[in-house]
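Student: So here's coords24.cif (mmCIF, C-alpha atoms and all ligand atoms).
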data_start
#
loop_
_atom_site.label_atom_id
_atom_site.label_comp_id
_atom_site.auth_asym_id
_atom_site.auth_seq_id
_atom_site.Cartn_x
_atom_site.Cartn_y
_atom_site.Cartn_z
CA MET O 6 0.17 -25.87 23.01
CA SER O 7 -0.32 -28.15 20.01
CA PRO O 8 2.71 -29.03 17.87
CA ILE O 9 1.24 -27.01 14.99
CA ASP O 10 0.92 -23.94 17.26
CA GLU O 11 4.49 -24.40 18.42
CA GLU O 12 5.79 -24.68 14.88
CA GLN O 13 3.86 -21.61 13.86
CA LEU O 14 5.39 -19.56 16.69
CA GLN O 15 8.81 -20.92 15.88
CA GLY O 16 8.37 -19.80 12.27
CA LEU O 17 7.21 -16.33 13.36
CA GLN O 18 10.17 -16.00 15.71
CA GLY O 19 12.53 -17.03 12.92
CA VAL O 20 11.21 -14.31 10.63
CA ARG O 21 11.36 -11.69 13.39
CA ASP O 22 14.98 -12.59 14.21
CA PHE O 23 15.80 -12.32 10.50
CA LEU O 24 14.21 -8.86 10.28
CA ARG O 25 16.23 -7.73 13.29
CA ILE O 26 19.58 -8.64 11.77
CA ARG O 27 18.83 -7.25 8.30
CA THR O 28 18.66 -3.58 7.44
CA SER O 29 16.58 -1.66 4.92
CA TYR O 30 19.69 -1.46 2.72
CA ASP O 31 19.50 -5.25 2.37
CA VAL O 32 16.07 -4.99 0.75
CA LEU O 33 17.27 -2.65 -1.99
CA PRO O 34 18.41 -4.05 -5.29
CA LEU O 35 22.11 -3.57 -6.16
CA SER O 36 21.23 -0.95 -8.70
CA PHE O 37 18.02 1.05 -8.92
CA ARG O 38 16.73 4.40 -10.08
CA LEU O 39 15.03 6.88 -7.82
CA ILE O 40 12.83 9.65 -9.14
CA VAL O 41 12.56 12.51 -6.66
CA LEU O 42 10.19 15.38 -7.43
CA ASP O 43 10.77 19.00 -6.52
CA ASN O 44 8.07 20.33 -4.22
CA ASP O 45 7.65 23.37 -6.51
CA LEU O 46 6.47 21.23 -9.41
CA LEU O 47 2.87 21.60 -10.60
CA ILE O 48 0.69 18.71 -9.39
CA ARG O 49 -0.53 18.27 -12.96
CA LYS O 50 3.05 17.81 -14.21
CA SER O 51 3.93 15.43 -11.40
CA LEU O 52 1.09 13.20 -12.53
CA SER O 53 2.48 13.05 -16.08
CA ILE O 54 5.94 12.22 -14.71
CA LEU O 55 4.57 9.33 -12.67
CA ILE O 56 2.71 8.01 -15.71
CA GLN O 57 5.68 8.44 -18.08
CA ASN O 58 7.96 6.59 -15.70
CA ASN O 59 5.44 3.93 -14.85
CA ILE O 60 5.64 4.58 -11.11
CA VAL O 61 2.87 5.30 -8.60
CA SER O 62 4.69 7.32 -5.97
CA ALA O 63 7.80 9.46 -5.47
CA PRO O 64 9.62 11.24 -2.66
CA LEU O 65 9.35 15.04 -2.60
CA TRP O 66 12.25 17.40 -2.15
CA ASP O 67 12.13 20.88 -0.68
CA SER O 68 14.93 22.56 -2.62
CA HIS O 69 14.64 25.83 -0.67
CA ASN O 70 15.61 24.16 2.57
CA GLY O 71 17.46 21.15 1.14
CA ARG O 72 15.13 18.77 2.95
CA PHE O 73 13.04 15.73 2.31
CA ALA O 74 9.41 16.91 2.07
CA GLY O 75 7.30 13.75 2.19
CA LEU O 76 5.97 11.22 -0.27
CA LEU O 77 3.67 11.74 -3.22
CA THR O 78 1.23 8.82 -3.56
CA SER O 79 -2.08 8.06 -5.22
CA THR O 80 -3.79 9.25 -2.01
CA ASP O 81 -2.64 12.79 -2.82
CA PHE O 82 -4.35 12.64 -6.20
CA ILE O 83 -7.45 11.26 -4.56
CA ASN O 84 -7.35 14.26 -2.20
CA VAL O 85 -7.09 16.64 -5.16
CA ILE O 86 -10.14 14.94 -6.65
CA GLN O 87 -12.03 15.33 -3.38
CA TYR O 88 -11.02 18.97 -3.28
CA TYR O 89 -12.23 19.51 -6.84
CA ASN O 90 -15.55 17.96 -5.94
CA GLN O 91 -16.03 20.00 -2.81
CA PHE O 92 -14.93 23.26 -4.45
CA PRO O 93 -15.82 22.93 -8.16
CA GLU O 94 -15.49 26.70 -8.59
CA GLN O 95 -11.75 26.26 -7.91
CA ILE O 96 -11.12 24.19 -11.05
CA ASP O 97 -8.88 26.87 -12.57
CA ASN O 98 -6.76 26.96 -9.43
CA VAL O 99 -6.49 23.18 -9.26
CA GLU O 100 -4.50 23.41 -12.48
CA LYS O 101 -2.07 25.81 -10.79
CA PHE O 102 -1.50 23.88 -7.61
CA ARG O 103 2.04 22.83 -6.83
CA LEU O 104 3.08 19.82 -4.84
CA SER O 105 3.84 22.11 -1.92
CA SER O 106 0.11 22.88 -1.66
CA LEU O 107 -0.86 19.27 -0.98
CA ARG O 108 -0.93 19.88 2.78
CA ASP O 109 -3.30 22.85 2.27
CA ILE O 110 -5.55 20.66 0.16
CA GLU O 111 -5.68 18.11 2.99
CA LYS O 112 -6.67 20.84 5.40
CA ALA O 113 -9.32 22.26 3.06
CA ILE O 114 -11.03 18.90 2.65
CA ASN O 115 -10.48 18.04 6.28
CA VAL O 116 -8.56 14.78 5.92
CA GLN O 117 -6.02 13.68 8.41
CA THR O 118 -2.47 14.45 7.32
CA LEU O 119 -0.48 11.26 7.18
CA GLU O 120 2.56 11.62 9.32
CA THR O 121 5.55 11.04 7.04
CA VAL O 122 7.77 8.82 9.11
CA SER O 123 11.12 8.02 7.63
CA VAL O 124 13.83 5.65 8.72
CA HIS O 125 17.60 5.49 8.36
CA PRO O 126 18.48 2.77 5.82
CA GLY O 127 21.06 1.28 8.18
CA ARG O 128 18.52 0.60 10.95
CA PRO O 129 17.14 -2.93 11.39
CA LEU O 130 14.42 -3.84 8.94
CA TYR O 131 12.19 -4.78 11.87
CA GLU O 132 12.21 -1.14 12.90
CA ALA O 133 11.34 0.16 9.42
CA CYS O 134 8.56 -2.36 9.20
CA SER O 135 7.03 -1.71 12.60
CA ARG O 136 7.18 2.07 12.14
CA MET O 137 5.41 1.67 8.84
CA LEU O 138 2.66 -0.50 10.31
CA ARG O 139 2.11 1.74 13.31
CA SER O 140 1.83 4.87 11.20
CA ARG O 141 -0.50 3.10 8.74
CA ALA O 142 1.79 4.18 5.92
CA ARG O 143 2.14 1.71 3.09
CA ARG O 144 5.65 2.81 2.20
CA ILE O 145 8.47 4.38 4.14
CA PRO O 146 11.25 6.63 2.82
CA LEU O 147 14.83 5.79 3.72
CA VAL O 148 16.52 9.04 4.64
CA ASP O 149 20.23 9.26 5.36
CA VAL O 150 22.21 12.27 6.56
CA ASP O 151 25.46 13.22 4.86
CA ASP O 152 28.23 13.18 7.51
CA GLU O 153 30.09 16.10 5.97
CA THR O 154 27.32 18.51 5.08
CA GLY O 155 24.68 17.36 7.56
CA ARG O 156 22.22 17.36 4.66
CA GLU O 157 19.47 14.82 4.22
CA THR O 158 19.51 12.41 1.28
CA VAL O 159 16.60 10.25 0.22
CA VAL O 160 18.15 6.87 -0.52
CA SER O 161 15.01 5.04 -1.58
CA VAL O 162 11.51 4.15 -0.52
CA ILE O 163 10.55 0.72 0.70
CA THR O 164 7.06 -0.62 0.55
CA GLN O 165 5.08 -3.26 2.43
CA TYR O 166 5.14 -5.19 -0.82
CA ARG O 167 8.93 -5.19 -1.01
CA ILE O 168 9.38 -6.21 2.63
CA LEU O 169 6.90 -9.05 2.39
CA LYS O 170 8.54 -10.26 -0.81
CA PHE O 171 11.95 -10.09 0.89
CA ILE O 172 10.62 -12.19 3.78
CA ALA O 173 8.98 -14.69 1.44
CA VAL O 174 12.11 -15.12 -0.72
CA ASN O 175 14.67 -15.28 2.09
CA THR O 176 13.00 -17.07 4.99
CA GLU O 177 11.34 -20.07 3.43
CA GLN O 178 12.75 -22.26 6.21
CA HIS O 179 10.68 -20.21 8.69
CA THR O 180 7.56 -19.42 6.67
CA SER O 181 7.20 -23.09 5.73
CA LEU O 182 6.54 -23.77 9.44
CA MET O 183 3.41 -21.61 9.34
CA LYS O 184 0.85 -24.32 8.72
CA LYS O 185 -2.18 -22.65 10.26
CA THR O 186 -4.95 -21.64 7.91
CA ILE O 187 -5.91 -18.01 7.58
CA ARG O 188 -9.29 -18.92 9.09
CA GLU O 189 -7.60 -20.40 12.18
CA ILE O 190 -5.54 -17.29 12.79
CA ASN O 191 -8.38 -14.97 11.72
CA LEU O 192 -6.21 -13.21 9.17
CA GLY O 193 -7.87 -10.58 6.97
CA THR O 194 -11.16 -8.71 7.02
CA TYR O 195 -14.43 -10.59 6.58
CA THR O 196 -17.16 -8.27 7.81
CA ASP O 197 -18.37 -4.90 6.63
CA LEU O 198 -16.49 -5.18 3.33
CA ALA O 199 -16.42 -2.23 0.97
CA THR O 200 -17.39 -3.47 -2.50
CA CYS O 201 -18.50 -1.97 -5.78
CA LYS O 202 -20.21 -2.89 -9.05
CA MET O 203 -18.87 -2.44 -12.57
CA THR O 204 -21.53 0.21 -13.16
CA ASP O 205 -20.69 2.33 -10.08
CA SER O 206 -18.96 5.63 -10.73
CA VAL O 207 -15.23 5.88 -10.05
CA LEU O 208 -15.98 8.86 -7.85
CA ASP O 209 -18.20 6.82 -5.52
CA VAL O 210 -15.54 4.14 -5.17
CA ILE O 211 -12.91 6.77 -4.42
CA ASN O 212 -15.14 8.18 -1.72
CA SER O 213 -15.52 4.84 -0.07
CA MET O 214 -11.72 4.31 -0.20
CA VAL O 215 -11.16 7.68 1.49
CA VAL O 216 -13.82 7.17 4.14
CA ARG O 217 -12.58 3.67 4.97
CA ASN O 218 -8.88 4.40 4.53
CA ILE O 219 -8.37 1.40 2.27
CA SER O 220 -6.64 1.08 -1.05
CA ALA O 221 -8.66 -1.56 -2.88
CA VAL O 222 -12.31 -2.39 -3.38
CA PRO O 223 -13.44 -5.74 -4.82
CA VAL O 224 -15.74 -5.45 -7.83
CA ILE O 225 -18.62 -7.94 -7.53
CA ASP O 226 -21.72 -8.81 -9.53
CA LYS O 227 -25.26 -9.03 -8.17
CA ASN O 228 -24.58 -12.54 -6.89
CA ASN O 229 -21.55 -11.48 -4.86
CA VAL O 230 -19.20 -13.14 -7.37
CA VAL O 231 -15.80 -11.43 -7.59
CA LEU O 232 -15.10 -9.93 -11.03
CA ASN O 233 -12.09 -7.72 -10.33
CA VAL O 234 -10.55 -5.33 -7.81
CA PHE O 235 -10.49 -1.54 -8.17
CA GLU O 236 -7.25 -0.17 -6.70
CA ALA O 237 -6.25 3.33 -5.62
CA VAL O 238 -3.60 3.36 -8.37
CA ASP O 239 -6.33 2.84 -10.99
CA VAL O 240 -7.24 6.47 -10.35
CA ILE O 241 -4.01 7.77 -11.88
CA PRO O 242 -4.78 7.02 -15.56
CA CYS O 243 -8.33 8.32 -15.02
CA ILE O 244 -7.15 11.85 -14.25
CA LYS O 245 -4.19 12.12 -16.61
CA GLY O 246 -4.18 15.42 -18.45
CA GLY O 247 -6.40 16.92 -15.73
CA ALA O 248 -9.47 15.03 -16.95
CA TYR O 249 -11.28 15.20 -13.62
CA GLU O 250 -14.62 14.77 -15.41
CA GLU O 251 -13.59 11.23 -16.33
CA LEU O 252 -14.19 10.29 -12.74
CA LYS O 253 -17.87 10.24 -13.54
CA SER O 254 -17.06 7.24 -15.70
CA THR O 255 -17.82 3.78 -14.41
CA VAL O 256 -15.53 1.33 -12.70
CA GLY O 257 -15.80 -0.92 -15.75
CA GLU O 258 -14.58 1.87 -18.05
CA ALA O 259 -11.72 2.76 -15.71
CA LEU O 260 -10.54 -0.85 -15.45
CA ALA O 261 -10.49 -1.06 -19.25
CA GLN O 262 -7.63 1.50 -19.15
CA ARG O 263 -5.28 -0.85 -17.33
CA PRO O 264 -2.08 -1.69 -19.18
CA GLU O 265 -2.03 -4.80 -21.34
CA ASP O 266 0.43 -6.48 -19.00
CA PHE O 267 -1.74 -6.03 -15.90
CA PRO O 268 -1.03 -9.21 -13.96
CA GLY O 269 -4.59 -9.77 -12.74
CA ILE O 270 -5.86 -10.26 -9.22
CA TYR O 271 -4.87 -12.87 -6.67
CA THR O 272 -7.30 -14.92 -4.64
CA CYS O 273 -7.14 -17.39 -1.80
CA GLN O 274 -9.52 -19.37 0.37
CA GLU O 275 -10.08 -19.38 4.11
CA ASP O 276 -8.66 -22.89 4.37
CA ASP O 277 -5.38 -21.89 2.72
CA ARG O 278 -2.42 -22.10 5.04
CA LEU O 279 -0.14 -19.18 5.70
CA ASP O 280 2.82 -21.05 4.19
CA SER O 281 0.96 -21.29 0.88
CA ILE O 282 0.15 -17.57 1.00
CA PHE O 283 3.88 -16.92 1.38
CA GLN O 284 4.50 -19.16 -1.59
CA THR O 285 2.15 -17.02 -3.70
CA VAL O 286 3.90 -13.85 -2.47
CA ARG O 287 7.26 -15.41 -3.36
CA GLN O 288 6.21 -16.30 -6.88
CA SER O 289 3.97 -13.42 -7.94
CA ARG O 290 3.43 -9.68 -7.73
CA VAL O 291 0.77 -9.81 -5.05
CA HIS O 292 -0.53 -6.58 -3.54
CA ARG O 293 -3.49 -8.17 -1.76
CA LEU O 294 -5.52 -11.36 -1.93
CA VAL O 295 -9.25 -11.54 -2.31
CA VAL O 296 -10.66 -14.34 -0.19
CA ILE O 297 -13.28 -16.34 -2.09
CA ASP O 298 -15.18 -19.62 -1.80
CA ASP O 299 -15.22 -22.44 -4.37
CA ASP O 300 -17.69 -20.50 -6.53
CA TRP O 301 -15.78 -17.21 -6.48
CA HIS O 302 -18.17 -15.59 -3.98
CA LEU O 303 -16.49 -12.82 -2.02
CA LYS O 304 -15.66 -13.83 1.55
CA GLY O 305 -13.02 -11.32 2.62
CA ILE O 306 -9.86 -9.45 1.84
CA LEU O 307 -6.33 -10.15 2.95
CA SER O 308 -4.06 -7.13 2.69
CA LEU O 309 -0.29 -7.01 2.91
CA SER O 310 -0.58 -5.06 6.16
CA ASP O 311 -2.75 -7.83 7.64
CA ILE O 312 -0.01 -10.37 6.90
CA LEU O 313 2.85 -8.14 8.06
CA LYS O 314 1.13 -7.19 11.31
CA TYR O 315 0.56 -10.83 12.13
CA VAL O 316 4.13 -11.78 11.28
CA LEU O 317 5.66 -8.98 13.33
CA PHE O 318 3.36 -8.65 16.28
CA TYR O 319 1.23 -11.75 16.88
CA GLY O 320 1.87 -13.13 20.37
CA GLU O 321 3.94 -10.12 21.44
CA GLU O 322 2.28 -8.74 24.52
CA GLY O 323 0.00 -5.78 23.82
CA GLU O 324 1.39 -5.44 20.32
CA TYR O 325 -1.00 -7.14 17.92
CA PHE O 326 -3.60 -4.75 16.52
CA PRO O 327 -5.08 -6.58 13.53
CA HIS O 328 -7.96 -4.35 12.54
CA THR O 329 -7.01 -0.77 13.22
P1 LIG O 401 -1.99 -1.79 0.38
O1 LIG O 401 -3.13 -2.66 -0.06
O2 LIG O 401 -1.95 -0.47 -0.31
O3 LIG O 401 -0.67 -2.51 0.36
P2 LIG O 401 -2.75 -2.26 3.11
O4 LIG O 401 -2.03 -3.56 3.07
O5 LIG O 401 -2.67 -1.43 4.36
O6 LIG O 401 -2.26 -1.38 1.89
P3 LIG O 401 -5.51 -1.72 2.81
O7 LIG O 401 -6.24 -2.08 1.56
O8 LIG O 401 -5.29 -0.30 3.09
O9 LIG O 401 -4.23 -2.55 2.73
O10 LIG O 401 -6.20 -2.42 4.06
C1 LIG O 401 -6.20 -1.93 5.40
C2 LIG O 401 -7.15 -2.80 6.25
O11 LIG O 401 -8.47 -2.72 5.72
C3 LIG O 401 -6.80 -4.28 6.26
O12 LIG O 401 -7.05 -4.81 7.54
C4 LIG O 401 -7.72 -4.91 5.23
O13 LIG O 401 -8.05 -6.25 5.52
C5 LIG O 401 -8.93 -4.01 5.31
N1 LIG O 401 -9.56 -3.86 3.99
C6 LIG O 401 -8.93 -3.73 2.79
N2 LIG O 401 -9.80 -3.60 1.78
C7 LIG O 401 -11.04 -3.64 2.34
C8 LIG O 401 -12.38 -3.57 1.84
N3 LIG O 401 -12.61 -3.42 0.53
N4 LIG O 401 -13.40 -3.64 2.71
C9 LIG O 401 -13.17 -3.77 4.04
N5 LIG O 401 -11.94 -3.85 4.58
C10 LIG O 401 -10.88 -3.79 3.76
#
What would you get if you wrote out this structure as structure tokens?
Tutor:
Amino acid sequence: MSPIDEEQLQGLQGVRDFLRIRTSYDVLPLSFRLIVLDNDLLIRKSLSILIQNNIVSAPLWDSHNGRFAGLLTSTDFINVIQYYNQFPEQIDNVEKFRLSSLRDIEKAINVQTLETVSVHPGRPLYEACSRMLRSRARRIPLVDVDDETGRETVVSVITQYRILKFIAVNTEQHTSLMKKTIREINLGTYTDLATCKMTDSVLDVINSMVVRNISAVPVIDKNNVVLNVFEAVDVIPCIKGGAYEELKSTVGEALAQRPEDFPGIYTCQEDDRLDSIFQTVRQSRVHRLVVIDDDWHLKGILSLSDILKYVLFYGEEGEYFPHT
């Protein structure tokens, strides 16, 4: 094994050991707010609450049984949109749907129900992270049980983003050993990329996100030059106030609705080393990186799950499953 390979493995091992001795509690800020939505709330109202509070997901609470009832995410709104498109005659009912009907909507449009795995906040972070990656969830609720009443409490939700940031900020001594380029370790997706044009309809892009089970689609021009990235969360402002017709609008129009402080997209190149990717994650709000060449041509996409899977599972026998 070359010294660079050895160092890389040493760095990976260091991060894994760190994740085994830290818990999900450690990732949470000292003080934070948590907005939990009652499962009886109208879907339409839940959307306004997310927008008002500037959040893109929330845990659901079944107040009849005093139980955690899953997570509301932009995928649920995308499902409602799909439902509306498949059953346009149901538009009046769509307005009346409550969050508790989300599972029925999934069944009606025949999408796979995402298993809502949760984890106890006191368990090792490694466990939370590997459960999240195996279930293909992008966030995992931390559910505790009250010793006295035996009732569940949702403590918080942790995301891939938060975990990767936590790793980047706290394990620089290990991540700085990862000197291999993303090309050398084949990190990210480079073939069969889902892309769109500024003039495509939002609805078409949503369809391709659902079919491919991805949450971002690079926007390119006719020369394959990257202009932007359309993200699943960009759907939320499009349908506020129940304006499902707005989905016929173009990607360009939808992107124009982004808040003024939208941080922009992040890019990298195939010859960038993993340590420099971690540096970007440490310094910025990165949710994915678009891989480009010197002239901004699209080469690939590097998602947070690609990085986390490599960091947790690469080299572990039978464990690494990069492109599932
Ligand atoms: P998130 O981006 O919400 O944090 P994630 O990290 O799981 O979630 P996804 O965008 O769902 O990222 O990506 C899942 C897999 O699909 C990854 O292996 C990623 O490289 C690949 N992928 C992401 N976007 C595209 C795309 N537009 N075309 C092809 N493959 C993609």
Student: Starting from the point (21.8, 23.8, -2.0), work out which residues of protein, DNA or RNA have an atom no more than 12 Å away when counting all atoms listed in the file; state them as a PyMOL selection string.
Tutor: chain O and resi 66-72+154-157
Student: Counting only C-alpha atoms, figure out which residue out of O:Ile312, O:Val148, O:Gly75, O:Gly257 gets nearest to Arg128 of chain O.
Tutor: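 With only C-alpha atoms as the atom set, the closest residue is O:Val148.
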Student: Between chain O and ligand LIG 401 (chain O), at 7 Å or less, what are the per-residue closest atom pairs and their distances in Å? Count only C-alpha atoms and all ligand atoms, order by chain and rising residue number, and return it as JSON lines.
Tutor:
{"residue": "O:Arg141", "atom": "CA", "partner": "O:LIG401", "partner_atom": "O5", "distance": 6.7}
{"residue": "O:Arg143", "atom": "CA", "partner": "O:LIG401", "partner_atom": "O6", "distance": 5.5}
{"residue": "O:Gln165", "atom": "CA", "partner": "O:LIG401", "partner_atom": "O3", "distance": 6.2}
{"residue": "O:Tyr166", "atom": "CA", "partner": "O:LIG401", "partner_atom": "O3", "distance": 6.5}
{"residue": "O:Gly193", "atom": "CA", "partner": "O:LIG401", "partner_atom": "O13", "distance": 4.6}
{"residue": "O:Thr194", "atom": "CA", "partner": "O:LIG401", "partner_atom": "O13", "distance": 4.2}
{"residue": "O:Asp197", "atom": "CA", "partner": "O:LIG401", "partner_atom": "C9", "distance": 5.9}
{"residue": "O:Leu198", "atom": "CA", "partner": "O:LIG401", "partner_atom": "N4", "distance": 3.5}
{"residue": "O:Ala199", "atom": "CA", "partner": "O:LIG401", "partner_atom": "N4", "distance": 3.8}
{"residue": "O:Thr200", "atom": "CA", "partner": "O:LIG401", "partner_atom": "N3", "distance": 5.7}
{"residue": "O:Asn218", "atom": "CA", "partner": "O:LIG401", "partner_atom": "O8", "distance": 6.1}
{"residue": "O:Ile219", "atom": "CA", "partner": "O:LIG401", "partner_atom": "O8", "distance": 3.6}
{"residue": "O:Ser220", "atom": "CA", "partner": "O:LIG401", "partner_atom": "O7", "distance": 4.1}
{"residue": "O:Ala221", "atom": "CA", "partner": "O:LIG401", "partner_atom": "O7", "distance": 5.1}
{"residue": "O:Val222", "atom": "CA", "partner": "O:LIG401", "partner_atom": "N3", "distance": 4.1}
{"residue": "O:Pro223", "atom": "CA", "partner": "O:LIG401", "partner_atom": "N3", "distance": 5.9}
{"residue": "O:His292", "atom": "CA", "partner": "O:LIG401", "partner_atom": "O3", "distance": 5.6}
{"residue": "O:Arg293", "atom": "CA", "partner": "O:LIG401", "partner_atom": "O1", "distance": 5.8}
{"residue": "O:Ile306", "atom": "CA", "partner": "O:LIG401", "partner_atom": "O13", "distance": 5.2}
{"residue": "O:Leu307", "atom": "CA", "partner": "O:LIG401", "partner_atom": "O13", "distance": 5.0}
{"residue": "O:Ser308", "atom": "CA", "partner": "O:LIG401", "partner_atom": "O4", "distance": 4.1}
{"residue": "O:Leu309", "atom": "CA", "partner": "O:LIG401", "partner_atom": "O4", "distance": 3.9}
{"residue": "O:Ser310", "atom": "CA", "partner": "O:LIG401", "partner_atom": "O4", "distance": 3.7}
{"residue": "O:Asp311", "atom": "CA", "partner": "O:LIG401", "partner_atom": "O12", "distance": 5.3}
{"residue": "O:Pro327", "atom": "CA", "partner": "O:LIG401", "partner_atom": "O12", "distance": 6.5}
{"residue": "O:His328", "atom": "CA", "partner": "O:LIG401", "partner_atom": "O12", "distance": 5.1}
{"residue": "O:Thr329", "atom": "CA", "partner": "O:LIG401", "partner_atom": "O12", "distance": 7.0}
Student: In Å, with one decimal, what is the gap from atom CA of Leu65 of chain O to atom CA of Leu52 of chain O?
Tutor: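 Value for the atom CA of Leu65 of chain O-atom CA of Leu52 of chain O distance: 13.0 Å.
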Student: Excluding segment 168-179 of chain O and its own-chain neighbours fewer than 4 positions away, which residues fall within 8 Å of it when counting only C-alpha atoms? Please give them as a PDB file with C-alpha atoms, keeping the file's coordinate frame.
Tutor:
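around-v7.pdb, written as the output of this step:
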ATOM      1  CA  GLN O  15       8.810 -20.920  15.880  1.00  0.00           C
ATOM      2  CA  GLY O  16       8.370 -19.800  12.270  1.00  0.00           C
ATOM      3  CA  LEU O  17       7.210 -16.330  13.360  1.00  0.00           C
ATOM      4  CA  GLY O  19      12.530 -17.030  12.920  1.00  0.00           C
ATOM      5  CA  VAL O  20      11.210 -14.310  10.630  1.00  0.00           C
ATOM      6  CA  PHE O  23      15.800 -12.320  10.500  1.00  0.00           C
ATOM      7  CA  VAL O  32      16.070  -4.990   0.750  1.00  0.00           C
ATOM      8  CA  CYS O 134       8.560  -2.360   9.200  1.00  0.00           C
ATOM      9  CA  ILE O 163      10.550   0.720   0.700  1.00  0.00           C
ATOM     10  CA  THR O 164       7.060  -0.620   0.550  1.00  0.00           C
ATOM     11  CA  MET O 183       3.410 -21.610   9.340  1.00  0.00           C
ATOM     12  CA  PHE O 283       3.880 -16.920   1.380  1.00  0.00           C
ATOM     13  CA  GLN O 284       4.500 -19.160  -1.590  1.00  0.00           C
ATOM     14  CA  VAL O 286       3.900 -13.850  -2.470  1.00  0.00           C
ATOM     15  CA  ARG O 287       7.260 -15.410  -3.360  1.00  0.00           C
ATOM     16  CA  LEU O 309      -0.290  -7.010   2.910  1.00  0.00           C
ATOM     17  CA  LEU O 313       2.850  -8.140   8.060  1.00  0.00           C
TER      18      LEU O 313
END
Student: What's the 9 Å shell around Val122 of chain O, counting all atoms listed in the file, without same-chain residues fewer than 4 positions away, as a list in words?
Tutor: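 Result of the neighbour search: Gly75, Arg136, Met137, Ser140, Ala142, Ile145 and Pro146 of chain O.
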